[in-house]
Amino acid sequence: MFRIPCPHCGLRNVSEFRHVGEARTRPDPHTATPEQWRAYLYEQRNVAGWSVESWYHGSGCRQYIGVERHTVTNETRPIARAPESGHAAAGSASPDAGAPDADSAS
Ligand SMILES: [Zn+2]
């Protein structure tokens, strides 16, 4: 067990969260090739180290949050900006996963 720093609720037990996935930049759905879209949907970096991830705080504030987690030690630390993993930024519960997001480049 480890704890995750929720920007809305504070430091909470991981059992209150659902792991959404590794944060990745979504390709433009209007210009992406099928290969780029498949890579976005199915390929993970699976690093042994620090990884920026999205988590859903279902037993708390019901927000998608961004967390930086060390995948070996499960040490966590908050990130300044929510990751772009197809879910809303921290502080927003907009269920627009899968919708085109024109401003997601960074
Ligand atoms: Zn929360």
# chains A, B, ... in the order shown; residues from 1 in each chain; ligands from 1

$ residues_near_ligand --ligand "ligand 1" --cutoff "8 Å" --atoms "only C-alpha atoms and all ligand atoms" --output "PyMOL selection string"
chain A and resi 6-10+12+57-63+65

$ residues_around --residues "Arg69 (chain A)" --least-positions-apart "3" --cutoff "9 Å" --atoms "only C-alpha atoms" --output "ChimeraX atom specification"
/A:4,49-53,72-78

$ closest_residue --among "A:Ser54, A:Tyr64, A:His70, A:Arg45" --to "His19 (chain A)" --atoms "only C-alpha atoms"
A:Ser54

$ select_by_dssp --residues "region 30-84 of chain A" --states "strand (DSSP E or B)" --output "VMD selection string"
chain A and resid 50 to 56 64 to 70 76 to 78

$ write_last_selection --atoms "N, CA and C atoms" --output "short mmCIF file (atom, residue, chain, number, x, y, z; two decimals), in the first residue's frame"
data_model
loop_
_atom_site.label_atom_id
_atom_site.label_comp_id
_atom_site.auth_asym_id
_atom_site.auth_seq_id
_atom_site.Cartn_x
_atom_site.Cartn_y
_atom_site.Cartn_z
N TRP A 50 10.51 6.93 -12.59
CA TRP A 50 9.43 7.91 -12.46
C TRP A 50 8.56 7.93 -13.71
N SER A 51 7.25 7.92 -13.49
CA SER A 51 6.29 7.92 -14.57
C SER A 51 5.15 8.86 -14.22
N VAL A 52 4.74 9.68 -15.18
CA VAL A 52 3.60 10.56 -14.97
C VAL A 52 2.34 9.78 -15.35
N GLU A 53 1.39 9.70 -14.40
CA GLU A 53 0.21 8.86 -14.58
C GLU A 53 -1.06 9.62 -14.24
N SER A 54 -2.17 9.12 -14.76
CA SER A 54 -3.48 9.62 -14.38
C SER A 54 -4.12 8.62 -13.43
N TRP A 55 -4.78 9.16 -12.40
CA TRP A 55 -5.51 8.35 -11.44
C TRP A 55 -6.88 8.97 -11.25
N TYR A 56 -7.88 8.12 -10.99
CA TYR A 56 -9.24 8.59 -10.74
C TYR A 56 -9.56 8.37 -9.27
N TYR A 64 -10.21 13.24 -11.92
CA TYR A 64 -9.01 12.68 -12.51
C TYR A 64 -7.84 13.57 -12.09
N ILE A 65 -6.79 12.95 -11.59
CA ILE A 65 -5.64 13.72 -11.13
C ILE A 65 -4.37 13.18 -11.79
N GLY A 66 -3.37 14.02 -11.80
CA GLY A 66 -2.07 13.61 -12.30
C GLY A 66 -1.12 13.40 -11.15
N VAL A 67 -0.39 12.30 -11.21
CA VAL A 67 0.56 11.97 -10.16
C VAL A 67 1.83 11.45 -10.81
N GLU A 68 2.95 11.82 -10.24
CA GLU A 68 4.20 11.23 -10.67
C GLU A 68 4.52 10.11 -9.69
N ARG A 69 4.72 8.90 -10.21
CA ARG A 69 4.93 7.72 -9.35
C ARG A 69 6.18 6.99 -9.82
N HIS A 70 6.98 6.58 -8.83
CA HIS A 70 8.14 5.75 -9.13
C HIS A 70 7.63 4.31 -9.20
N THR A 76 5.31 8.49 -4.51
CA THR A 76 4.51 9.39 -5.34
C THR A 76 4.80 10.83 -4.99
N ARG A 77 4.55 11.69 -5.98
CA ARG A 77 4.65 13.12 -5.75
C ARG A 77 3.69 13.81 -6.71
N PRO A 78 3.10 14.91 -6.26
CA PRO A 78 2.15 15.61 -7.12
C PRO A 78 2.86 16.28 -8.28
#

$ atom_distance --atom1 "CA of Ala48 (chain A)" --atom2 "CA of Glu22 (chain A)"
12.6 Å

$ closest_residue --among "A:Gly21, A:Ile79, A:Thr71, A:Leu11" --to "Glu43 (chain A)" --atoms "only C-alpha atoms"
A:Gly21

$ select_by_dssp --residues "region 14-93 of chain A" --states "alpha helix (DSSP H)" --output "PyMOL selection string"
chain A and resi 34-42
